[in-house]
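Structure file entry_18.cif (mmCIF, C-alpha atoms and all ligand atoms) is printed below.
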data_start
loop_
_atom_site.label_atom_id
_atom_site.label_comp_id
_atom_site.auth_asym_id
_atom_site.auth_seq_id
_atom_site.Cartn_x
_atom_site.Cartn_y
_atom_site.Cartn_z
CA MET A 16 159.16 169.81 149.67
CA GLU A 17 157.91 171.00 146.31
CA LEU A 18 157.47 168.45 143.55
CA ASN A 19 160.31 169.87 141.44
CA ALA A 20 162.56 169.65 144.48
CA MET A 21 161.61 165.98 144.81
CA TYR A 22 162.63 165.51 141.21
CA GLY A 23 165.85 167.37 141.98
CA GLN A 24 166.55 164.85 144.71
CA LEU A 25 166.09 162.07 142.13
CA GLY A 26 168.61 163.73 139.80
CA VAL A 27 166.37 165.69 137.40
CA SER A 28 167.50 169.30 136.93
CA PRO A 29 164.98 172.17 137.01
CA ALA A 30 165.49 172.78 133.28
CA VAL A 31 164.76 169.17 132.31
CA TYR A 32 161.75 169.07 134.63
CA ALA A 33 160.38 172.30 133.18
CA PHE A 34 160.85 171.03 129.63
CA GLY A 35 158.92 167.86 130.50
CA GLU A 36 156.07 169.82 132.08
CA LYS A 37 155.81 172.00 128.99
CA ILE A 38 155.51 168.93 126.75
CA LEU A 39 152.91 167.45 129.09
CA THR A 40 150.54 170.40 128.87
CA ASP A 41 149.76 169.43 125.27
CA LEU A 42 149.13 165.77 126.12
CA ARG A 43 146.20 166.07 128.50
CA GLU A 44 143.57 165.16 125.92
CA ARG A 45 145.44 162.09 124.77
CA PHE A 46 145.96 160.98 128.33
CA ASP A 47 142.23 161.37 128.95
CA ALA A 48 141.50 159.08 126.01
CA ILE A 49 143.95 156.50 127.40
CA ASP A 50 142.24 156.69 130.79
CA GLN A 51 138.92 155.97 129.11
CA VAL A 52 140.29 152.83 127.45
CA ALA A 53 141.70 151.73 130.82
CA GLU A 54 138.34 152.34 132.48
CA TYR A 55 136.59 150.25 129.83
CA ASN A 56 139.10 147.42 130.16
CA GLN A 57 138.95 147.56 133.94
CA ALA A 58 135.20 147.01 133.70
CA LYS A 59 135.77 144.15 131.27
CA VAL A 60 138.18 142.40 133.66
CA LEU A 61 135.98 143.05 136.71
CA HIS A 62 132.92 141.69 134.96
CA ALA A 63 134.76 138.48 134.04
CA MET A 64 135.94 138.06 137.65
CA GLN A 65 132.47 138.66 139.07
CA LYS A 66 130.80 136.38 136.55
CA ASN A 67 133.16 133.57 137.54
CA ARG A 68 132.62 134.23 141.27
CA VAL A 69 136.31 134.65 142.08
CA ASN A 70 136.83 134.01 145.80
CA ALA A 71 139.59 133.21 148.28
CA THR A 72 139.58 129.48 147.51
CA HIS A 73 140.86 130.33 144.03
CA PHE A 74 144.08 131.67 145.54
CA ALA A 75 145.03 128.37 147.21
CA ALA A 76 148.22 126.57 146.23
CA THR A 77 148.16 123.13 144.67
CA THR A 78 151.05 120.72 144.26
CA GLY A 79 151.89 117.49 142.48
CA TYR A 80 149.65 116.70 139.53
CA GLY A 81 147.35 119.59 140.32
CA TYR A 82 144.14 117.65 139.74
CA ASP A 83 140.96 119.65 140.39
CA ASP A 84 142.88 122.90 140.70
CA GLU A 85 139.87 125.19 140.88
CA GLY A 86 141.97 128.37 141.10
CA ARG A 87 143.79 127.53 137.87
CA ASP A 88 140.66 126.38 136.07
CA ASN A 89 138.69 129.43 137.13
CA LEU A 90 141.47 131.79 136.06
CA GLU A 91 141.27 130.22 132.63
CA ARG A 92 137.52 130.86 132.55
CA VAL A 93 138.20 134.49 133.55
CA TYR A 94 140.75 134.91 130.74
CA ALA A 95 138.35 133.32 128.25
CA ASP A 96 135.65 135.79 129.29
CA VAL A 97 137.97 138.80 129.19
CA PHE A 98 139.11 137.93 125.66
CA HIS A 99 135.70 136.64 124.55
CA THR A 100 136.96 133.18 123.60
CA GLU A 101 135.59 129.68 124.18
CA ALA A 102 138.66 128.52 126.06
CA ALA A 103 141.96 129.62 127.59
CA LEU A 104 145.20 128.06 128.72
CA VAL A 105 146.95 130.27 131.33
CA ARG A 106 149.80 128.58 133.10
CA PRO A 107 153.02 129.13 135.01
CA GLN A 108 154.27 126.07 133.10
CA ILE A 109 154.30 128.28 129.99
CA THR A 110 157.68 129.86 130.62
CA CYS A 111 157.54 132.89 128.34
CA GLY A 112 155.92 134.35 125.25
CA THR A 113 158.07 132.37 122.85
CA HIS A 114 157.09 129.16 124.64
CA ALA A 115 153.40 130.03 124.41
CA LEU A 116 153.75 130.72 120.69
CA ALA A 117 155.75 127.52 120.15
CA VAL A 118 153.05 125.50 121.94
CA ALA A 119 150.26 127.11 119.92
CA LEU A 120 152.06 126.49 116.62
CA SER A 121 153.30 122.96 117.24
CA ALA A 122 149.94 121.87 118.66
CA ASN A 123 148.02 123.02 115.61
CA LEU A 124 150.39 122.11 112.77
CA LEU A 125 151.07 118.56 111.59
CA PRO A 126 153.67 117.17 109.18
CA GLY A 127 152.86 118.31 105.65
CA ASP A 128 151.06 121.45 106.83
CA GLU A 129 152.23 124.93 105.92
CA LEU A 130 152.44 127.95 108.21
CA LEU A 131 152.02 131.38 106.62
CA SER A 132 153.04 134.77 107.96
CA PRO A 133 151.25 137.44 105.89
CA VAL A 134 152.99 140.28 107.75
CA GLY A 135 156.65 139.70 106.94
CA ALA A 136 159.26 138.12 109.19
CA PRO A 137 158.14 137.09 112.67
CA TYR A 138 159.74 138.03 115.99
CA ASP A 139 163.40 136.98 116.28
CA THR A 140 162.89 134.07 118.65
CA LEU A 141 160.25 132.54 116.39
CA GLU A 142 162.77 132.10 113.61
CA GLU A 143 164.18 129.12 115.47
CA VAL A 144 160.75 127.82 116.50
CA ILE A 145 159.72 127.77 112.85
CA GLY A 146 163.11 126.72 111.50
CA ILE A 147 163.80 129.84 109.41
CA ARG A 148 167.12 129.65 111.24
CA PRO A 149 168.05 125.96 111.55
CA SER A 150 167.29 124.73 115.04
CA LYS A 151 166.79 121.45 116.85
CA CYS A 152 163.12 120.49 117.26
CA SER A 153 161.94 123.31 114.97
CA LEU A 154 158.65 122.95 113.08
CA LYS A 155 160.73 122.47 109.96
CA GLU A 156 162.35 119.35 111.42
CA TYR A 157 158.85 117.95 111.90
CA GLY A 158 157.94 118.53 108.27
CA VAL A 159 156.00 121.77 108.65
CA THR A 160 156.89 124.24 105.91
CA TYR A 161 156.83 128.01 106.18
CA ALA A 162 155.73 130.70 103.75
CA GLN A 163 155.85 134.44 104.13
CA ALA A 164 154.23 137.41 102.40
CA ASP A 165 156.14 140.58 103.06
CA LEU A 166 154.48 143.89 103.80
CA LYS A 167 154.41 146.52 101.10
CA ALA A 168 157.01 149.30 101.27
CA ASP A 169 154.54 151.54 103.11
CA GLY A 170 154.00 148.91 105.81
CA THR A 171 150.53 147.81 104.64
CA PHE A 172 149.36 144.28 103.81
CA ASP A 173 150.23 143.00 100.34
CA TYR A 174 146.90 141.33 99.63
CA ASP A 175 147.93 140.03 96.18
CA ALA A 176 151.00 138.33 97.61
CA ILE A 177 148.98 136.89 100.49
CA ARG A 178 146.35 135.46 98.12
CA GLU A 179 149.14 133.85 96.11
CA LYS A 180 150.73 132.25 99.19
CA ILE A 181 147.57 130.64 100.54
CA ASN A 182 147.42 127.09 99.18
CA GLU A 183 145.87 123.69 99.94
CA ARG A 184 148.52 123.01 102.58
CA THR A 185 148.13 126.35 104.41
CA LYS A 186 146.85 125.26 107.81
CA LEU A 187 147.67 128.13 110.10
CA ILE A 188 148.29 131.83 109.58
CA THR A 189 150.32 133.76 112.15
CA ILE A 190 149.87 137.50 112.55
CA GLN A 191 152.14 139.50 114.83
CA ARG A 192 150.35 142.53 116.22
CA SER A 193 153.30 144.45 117.63
CA LYS A 194 156.24 145.55 115.53
CA GLY A 195 158.52 144.00 118.12
CA TYR A 196 162.04 145.15 117.27
CA ALA A 197 161.28 145.85 113.61
CA THR A 198 160.62 149.22 112.04
CA ARG A 199 157.25 148.38 110.52
CA PRO A 200 154.12 149.85 112.07
CA THR A 201 152.20 147.96 114.74
CA PHE A 202 148.79 146.90 113.45
CA SER A 203 145.55 148.06 115.00
CA VAL A 204 143.05 145.40 116.00
CA THR A 205 140.76 146.66 113.24
CA GLN A 206 143.51 146.21 110.64
CA ILE A 207 144.16 142.69 111.94
CA GLY A 208 140.43 142.01 111.66
CA GLU A 209 140.47 143.04 108.00
CA LEU A 210 143.41 140.74 107.32
CA ILE A 211 141.69 137.84 109.11
CA ALA A 212 138.52 138.37 107.08
CA PHE A 213 140.52 138.45 103.85
CA CYS A 214 142.34 135.18 104.66
CA LYS A 215 139.18 133.39 105.80
CA ALA A 216 137.34 134.49 102.65
CA ILE A 217 140.00 132.70 100.61
CA LYS A 218 140.22 129.68 102.91
CA PRO A 219 137.40 129.44 105.45
CA ASP A 220 138.91 126.60 107.49
CA VAL A 221 142.37 128.15 107.93
CA LYS A 222 143.33 128.78 111.56
CA ILE A 223 144.50 132.25 112.53
CA MET A 224 146.87 132.85 115.43
CA VAL A 225 147.73 136.35 116.60
CA ASP A 226 150.92 137.03 118.54
CA ASN A 227 149.34 139.52 120.92
CA CYS A 228 152.51 140.37 122.90
CA TYR A 229 152.58 144.00 124.15
CA GLY A 230 149.12 144.64 122.70
CA GLU A 231 146.74 143.52 125.45
CA PHE A 232 144.45 146.27 126.80
CA VAL A 233 145.91 148.99 124.59
CA GLU A 234 142.56 149.11 122.79
CA THR A 235 139.04 148.18 123.92
CA ILE A 236 138.95 145.23 121.50
CA GLU A 237 141.40 142.38 121.02
CA PRO A 238 142.15 140.26 117.92
CA SER A 239 139.95 137.51 119.40
CA ASP A 240 137.01 139.91 118.91
CA MET A 241 137.87 140.03 115.21
CA GLY A 242 137.92 136.35 114.32
CA ALA A 243 141.33 135.12 115.51
CA ASP A 244 141.23 131.43 116.47
CA MET A 245 144.02 131.95 119.01
CA ILE A 246 145.65 134.94 120.67
CA VAL A 247 148.92 134.32 122.48
CA GLY A 248 151.03 136.32 124.90
CA SER A 249 153.35 136.54 127.89
CA LEU A 250 152.37 137.20 131.50
CA ILE A 251 155.54 139.18 132.18
CA LYS A 252 154.23 141.68 129.67
CA ASN A 253 150.83 143.42 129.71
CA PRO A 254 148.29 140.93 131.12
CA GLY A 255 150.42 139.96 134.13
CA GLY A 256 150.10 143.53 135.35
CA GLY A 257 153.67 143.46 136.66
CA LEU A 258 152.73 140.98 139.39
CA ALA A 259 152.81 137.65 137.55
CA PRO A 260 156.36 136.31 138.04
CA ILE A 261 156.19 133.92 135.06
CA GLY A 262 153.67 132.52 132.60
CA GLY A 263 151.94 132.75 129.29
CA TYR A 264 148.44 132.49 127.89
CA ILE A 265 146.68 131.09 124.85
CA CYS A 266 143.02 132.10 124.43
CA GLY A 267 140.91 130.85 121.56
CA THR A 268 138.54 128.25 120.23
CA LYS A 269 138.01 125.10 122.27
CA GLU A 270 139.41 123.06 119.39
CA CYS A 271 142.71 124.98 119.20
CA VAL A 272 143.22 125.49 122.94
CA GLU A 273 142.57 121.83 123.74
CA ARG A 274 145.32 120.83 121.34
CA CYS A 275 147.64 123.37 122.99
CA ALA A 276 146.96 121.82 126.39
CA TYR A 277 147.82 118.35 125.08
CA ARG A 278 151.02 119.69 123.56
CA LEU A 279 151.98 121.56 126.75
CA SER A 280 151.47 118.59 129.09
CA ALA A 281 150.88 115.29 127.29
CA PRO A 282 148.33 113.65 125.01
CA GLY A 283 145.54 112.37 127.24
CA LEU A 284 146.40 114.74 130.11
CA GLY A 285 145.82 118.19 128.64
CA GLN A 286 144.36 120.84 130.93
CA GLU A 287 143.69 118.42 133.80
CA VAL A 288 147.23 118.58 135.17
CA GLY A 289 149.59 121.39 136.14
CA ALA A 290 149.85 122.44 139.78
CA ASN A 291 149.77 126.18 140.42
CA LEU A 292 152.39 126.09 143.22
CA GLY A 293 150.82 129.05 144.98
CA ILE A 294 151.13 131.52 142.18
CA MET A 295 147.42 132.24 141.66
CA PRO A 296 147.11 135.48 143.70
CA SER A 297 149.63 137.22 141.44
CA PHE A 298 147.92 135.96 138.28
CA TYR A 299 144.48 137.16 139.36
CA GLN A 300 145.65 140.41 140.87
CA GLY A 301 148.01 141.12 137.99
CA LEU A 302 145.20 140.72 135.48
CA PHE A 303 143.05 142.98 137.64
CA LEU A 304 145.71 145.72 137.60
CA SER A 305 146.76 145.23 133.99
CA PRO A 306 144.46 147.79 132.31
CA THR A 307 145.81 150.54 134.59
CA VAL A 308 149.41 149.41 134.27
CA VAL A 309 149.12 149.35 130.48
CA SER A 310 147.66 152.87 130.52
CA GLY A 311 150.69 154.12 132.46
CA ALA A 312 153.08 152.46 130.04
CA LEU A 313 151.21 154.00 127.10
CA LYS A 314 151.39 157.47 128.60
CA GLY A 315 155.12 156.98 129.07
CA ALA A 316 155.56 155.93 125.44
CA ILE A 317 153.64 158.96 124.20
CA PHE A 318 155.52 161.30 126.54
CA ALA A 319 158.83 159.92 125.26
CA ALA A 320 157.83 160.34 121.61
CA ASN A 321 156.77 163.93 122.21
CA ILE A 322 159.92 164.83 124.14
CA TYR A 323 162.34 163.27 121.69
CA GLU A 324 160.59 164.32 118.52
CA LYS A 325 160.62 167.88 119.80
CA LEU A 326 164.38 167.54 120.22
CA GLY A 327 164.80 166.35 116.63
CA PHE A 328 165.01 162.57 117.05
CA ALA A 329 162.90 160.27 114.86
CA CYS A 330 160.34 158.29 116.84
CA VAL A 331 158.30 155.22 115.88
CA PRO A 332 155.40 155.60 116.49
CA ASN A 333 155.68 159.37 116.04
CA ALA A 334 154.45 161.93 118.56
CA THR A 335 150.88 162.10 117.29
CA GLU A 336 149.90 158.76 115.76
CA SER A 337 147.53 156.31 117.41
CA ARG A 338 148.91 153.51 119.58
CA HIS A 339 148.41 149.78 119.25
CA ASP A 340 151.16 148.50 121.54
CA ILE A 341 153.33 149.88 124.35
CA ILE A 342 156.68 149.96 122.54
CA GLN A 343 158.39 153.23 121.66
CA ALA A 344 161.41 153.35 119.37
CA VAL A 345 163.63 156.45 119.48
CA THR A 346 166.39 156.82 116.91
CA LEU A 347 169.22 158.47 118.81
CA GLY A 348 171.83 158.30 116.07
CA SER A 349 174.94 157.38 118.05
CA ARG A 350 176.36 154.86 120.46
CA GLU A 351 176.99 157.57 123.05
CA ALA A 352 173.39 158.73 122.95
CA MET A 353 172.08 155.17 123.35
CA VAL A 354 174.33 154.63 126.35
CA ALA A 355 173.28 157.91 127.97
CA PHE A 356 169.58 157.20 127.38
CA CYS A 357 169.80 153.72 128.91
CA ARG A 358 171.79 155.00 131.89
CA GLY A 359 168.97 157.43 132.60
CA ILE A 360 166.35 154.68 132.51
CA GLN A 361 168.49 152.56 134.81
CA ALA A 362 169.08 155.43 137.24
CA ALA A 363 165.31 155.89 137.58
CA ALA A 364 164.64 152.27 138.56
CA PRO A 365 163.37 151.08 141.95
CA VAL A 366 165.75 148.09 141.74
CA ASP A 367 169.43 148.22 140.69
CA SER A 368 169.32 152.00 140.21
CA TYR A 369 173.03 152.24 141.10
CA VAL A 370 174.08 149.94 138.24
CA THR A 371 175.67 151.38 135.07
CA PRO A 372 174.50 149.66 131.86
CA GLU A 373 177.27 148.83 129.38
CA PRO A 374 176.95 147.54 125.80
CA TRP A 375 177.88 143.86 125.60
CA ALA A 376 178.06 141.03 123.07
CA MET A 377 174.81 139.25 123.82
CA PRO A 378 174.47 135.71 122.45
CA GLY A 379 172.38 135.61 119.29
CA TYR A 380 173.05 139.17 118.20
CA ASP A 381 175.54 140.29 115.58
CA SER A 382 176.32 143.57 117.32
CA ASP A 383 176.70 144.75 120.91
CA VAL A 384 173.45 145.30 122.75
CA ILE A 385 172.71 147.71 125.58
CA MET A 386 169.93 147.10 128.08
CA ALA A 387 168.52 149.04 130.98
CA ALA A 388 166.17 147.37 133.39
CA GLY A 389 165.72 147.64 137.10
CA ALA A 390 162.85 145.25 137.51
CA PHE A 391 161.23 143.36 140.36
CA ILE A 392 160.82 140.43 138.00
CA GLN A 393 163.76 139.37 135.84
CA GLY A 394 163.27 140.30 132.19
CA SER A 395 159.82 141.73 132.80
CA SER A 396 159.20 144.21 130.03
CA ILE A 397 155.95 145.61 131.42
CA GLU A 398 158.33 147.14 133.94
CA LEU A 399 160.25 150.17 132.69
CA SER A 400 163.03 149.02 130.38
CA ALA A 401 165.00 150.10 127.34
CA ASP A 402 167.32 148.26 125.02
CA GLY A 403 168.69 148.16 121.53
CA PRO A 404 171.48 146.86 119.32
CA ILE A 405 174.45 149.21 119.01
CA ARG A 406 174.34 149.66 115.23
CA GLU A 407 172.72 151.89 112.62
CA PRO A 408 170.33 153.61 113.09
CA TYR A 409 171.18 153.54 116.82
CA ALA A 410 167.61 153.20 118.00
CA VAL A 411 166.53 152.37 121.53
CA TYR A 412 163.30 150.50 122.20
CA PHE A 413 161.61 151.75 125.28
CA GLN A 414 158.65 150.12 127.01
CA GLY A 415 156.75 149.62 130.20
CA GLY A 416 156.50 151.34 133.52
CA LEU A 417 154.28 149.92 136.26
CA THR A 418 153.06 153.42 136.99
CA TRP A 419 152.88 156.50 134.81
CA TYR A 420 154.90 158.44 137.36
CA HIS A 421 157.76 155.99 137.14
CA ALA A 422 157.68 156.02 133.34
CA LYS A 423 157.76 159.82 133.48
CA LEU A 424 160.76 159.84 135.78
CA GLY A 425 162.57 157.35 133.55
CA ILE A 426 162.11 159.52 130.48
CA LEU A 427 163.15 162.67 132.34
CA MET A 428 166.27 160.88 133.61
CA SER A 429 167.13 159.67 130.10
CA LEU A 430 166.92 163.27 128.92
CA GLN A 431 168.95 164.42 131.93
CA LYS A 432 171.78 162.03 130.98
CA LEU A 433 171.69 163.18 127.36
CA VAL A 434 171.90 166.80 128.48
CA GLU A 435 174.75 166.04 130.91
CA ALA A 436 176.65 164.22 128.15
CA GLY A 437 176.36 167.33 125.96
CA ILE A 438 174.40 165.41 123.30
CA VAL A 439 171.16 167.32 123.72
CA LYS A 440 170.74 171.04 124.28
CA LEU A 441 167.35 172.06 125.60
CA PRO A 442 165.59 174.84 123.67
CA GLU A 443 165.64 178.18 125.50
C1 LIG B 501 158.26 139.55 123.63
C2 LIG B 501 157.70 139.04 122.37
C3 LIG B 501 157.73 137.68 122.03
C4 LIG B 501 158.45 136.65 122.84
O1 LIG B 501 158.26 136.72 124.19
P1 LIG B 501 159.34 136.21 125.24
O2 LIG B 501 158.53 136.24 126.49
O3 LIG B 501 160.46 137.19 125.25
O4 LIG B 501 159.76 134.85 124.87
C5 LIG B 501 157.14 137.29 120.87
N1 LIG B 501 156.57 138.17 120.03
C6 LIG B 501 156.53 139.49 120.30
C7 LIG B 501 155.90 140.43 119.34
C8 LIG B 501 157.09 139.97 121.48
O5 LIG B 501 157.06 141.27 121.75
#

The structure in this file should be written as structure tokens.
Ligand SMILES: *Cc1c(COP(=O)(O)O)cnc(C)c1O
Amino acid sequence: MELNAMYGQLGVSPAVYAFGEKILTDLRERFDAIDQVAEYNQAKVLHAMQKNRVNATHFAATTGYGYDDEGRDNLERVYADVFHTEAALVRPQITCGTHALAVALSANLLPGDELLSPVGAPYDTLEEVIGIRPSKCSLKEYGVTYAQADLKADGTFDYDAIREKINERTKLITIQRSKGYATRPTFSVTQIGELIAFCKAIKPDVKIMVDNCYGEFVETIEPSDMGADMIVGSLIKNPGGGLAPIGGYICGTKECVERCAYRLSAPGLGQEVGANLGIMPSFYQGLFLSPTVVSGALKGAIFAANIYEKLGFACVPNATESRHDIIQAVTLGSREAMVAFCRGIQAAAPVDSYVTPEPWAMPGYDSDVIMAAGAFIQGSSIELSADGPIREPYAVYFQGGLTWYHAKLGILMSLQKLVEAGIVKLPE
């Protein structure tokens, strides 16, 4: 069977397939550049694994307290080497990205300290961690105050405002790399490095934490190469490579990471406890695959931006700009278009492809939300997924894809559903 016939079998019409192929012909150079970043990062990961003599004993399960868990301890050395940090905490006991960030913050802030975000509001879930929205056990309840310098209208750092906000109580500065579900640009690692240097010039002993979610392996350098004291992320996003079924990481200075370990387990116990319960093979192998998986997700994001921009929809990032995370926002302009898009993503999935996504009133949101995900691991957003709140400007956030080919199919299916719904007409 010809390839286009295979796509036909999956539900993609010849016209949609042809349109996609036409868009792709102009993307070869960009895809080559992405492959080069993946190759570099693959070498980085391999070198760290070889240096730490990874072997079969590291894949063994431990139970109970998990004393002398060599597989866990060695994985942390591998992560520290990959991200060029003194130490790392990589654990299945860290349940998600928010948990990892909450541990990093609460371990390194004491009553009377102030936390500063120099890049505007943080990710939604951190509002409750910090206490911006009142919440039990928030940092605010423990006497940690919060200050924020907003970005300038053009999305750049407001250095004057940041200088003004740094005071004698400023203990930790949090920088979110990815835009998350905001409309601001995602920062490059170089931009983050400039911001870190600026803050440290004003206050040399201030600690800098970077929320690295969705950013790992998109570039050849990470914020930890640019002076961050801690970088933090989720293993069901980029660095888990789609295989890690749970987990988070904190990589950074020995001083900061040690405190995180005491906060995660208990004072006095720290990194010494925490059984791996047999999860190590997926952590090691997922990290090994991550550079390639991230490259596929990036190609998907760029393909989507080029398809939808060509059809007149606004895309953030746009079709040509450089990439610093794997998220693609597409402003579709109507509820119907969002639903059709998400149904296409769902229909392309390896799991739950027969399910029809519907908008629903998700807890914590003030409008209906639609989500498409057919993932092997629940909530995994390195796997192909799309979601968005049903409100102006009716934008879907699209991310992931364990392989480029799956990301490609997902985008073609989203377009197929938009064409079938009469919302999009393909150019002749
Ligand atoms: C996903 C994400 C988080 C939170 O991660 P969860 O695993 O969903 O708790 C935090 N910050 C950013 C920028 C993210 O993308």

- [ ] Give me the residues within 8 Å of Asp340 (chain A) as a PyMOL selection string, counting all atoms listed in the file and dropping any in the same chain fewer than 6 places off.
- [x] chain A and resi 193+201+229-231+233+313

Open item on the list: Show me which residues are within 7 Å of ligand LIG 501 (chain B) counting all atoms listed in the file, and format the list as an NGL selection string.
Closed with: :A and (111-114 or 138 or 140 or 191-195 or 226-229 or 249)

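Residue nearest Ser310 (chain A), chosen from A:Glu407, A:Glu183, A:Glu234, A:Asp173 and counting all atoms listed in the file: A:Glu234.
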
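Among the candidates A:Gly23, A:Gly79, A:Gly208, A:Gly267, the residue lying nearest to Thr100 (chain A) is A:Gly267 (atoms considered: all atoms listed in the file).
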
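In this comparison, which uses all atoms listed in the file, the residue of A:Asp367, A:Glu273, A:Asp165, A:Asp402 approaching Thr346 (chain A) most closely is A:Asp402.
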
- [ ] For Leu250 (chain A), please output as a ChimeraX atom specification all residues within 12 Å (counting all atoms listed in the file; exclusion window: fewer than 2 positions along the same chain).
- [x] /A:94,104-115,227-231,247-248,252-265,297-302,305,392,394-398

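Across the structure, CA of Leu292 (chain A) and CA of His73 (chain A) are spaced 12.3 Å apart.
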
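Computed from the coordinates, the CA of Ser337 (chain A) to CA of Pro200 (chain A) distance equals 10.7 Å.
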
Task: Among listed residues A:Val331, A:Arg358, A:Gly81, A:Ala376, nearest Ser400 (chain A) (using all atoms listed in the file) - done: A:Arg358

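You will find CA of Met428 (chain A) at 15.4 Å from CA of Glu351 (chain A).
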
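Each of A:Ala76, A:Ala387, A:Leu427, A:Ile294 was checked against Pro29 (chain A) using all atoms listed in the file; the smallest atom-to-atom distance is that of A:Leu427.
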
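Using all atoms listed in the file, the nearest neighbour of Gly415 (chain A) within the list A:Ala53, A:Ile211, A:Val69, A:Ala364 is A:Ala364.
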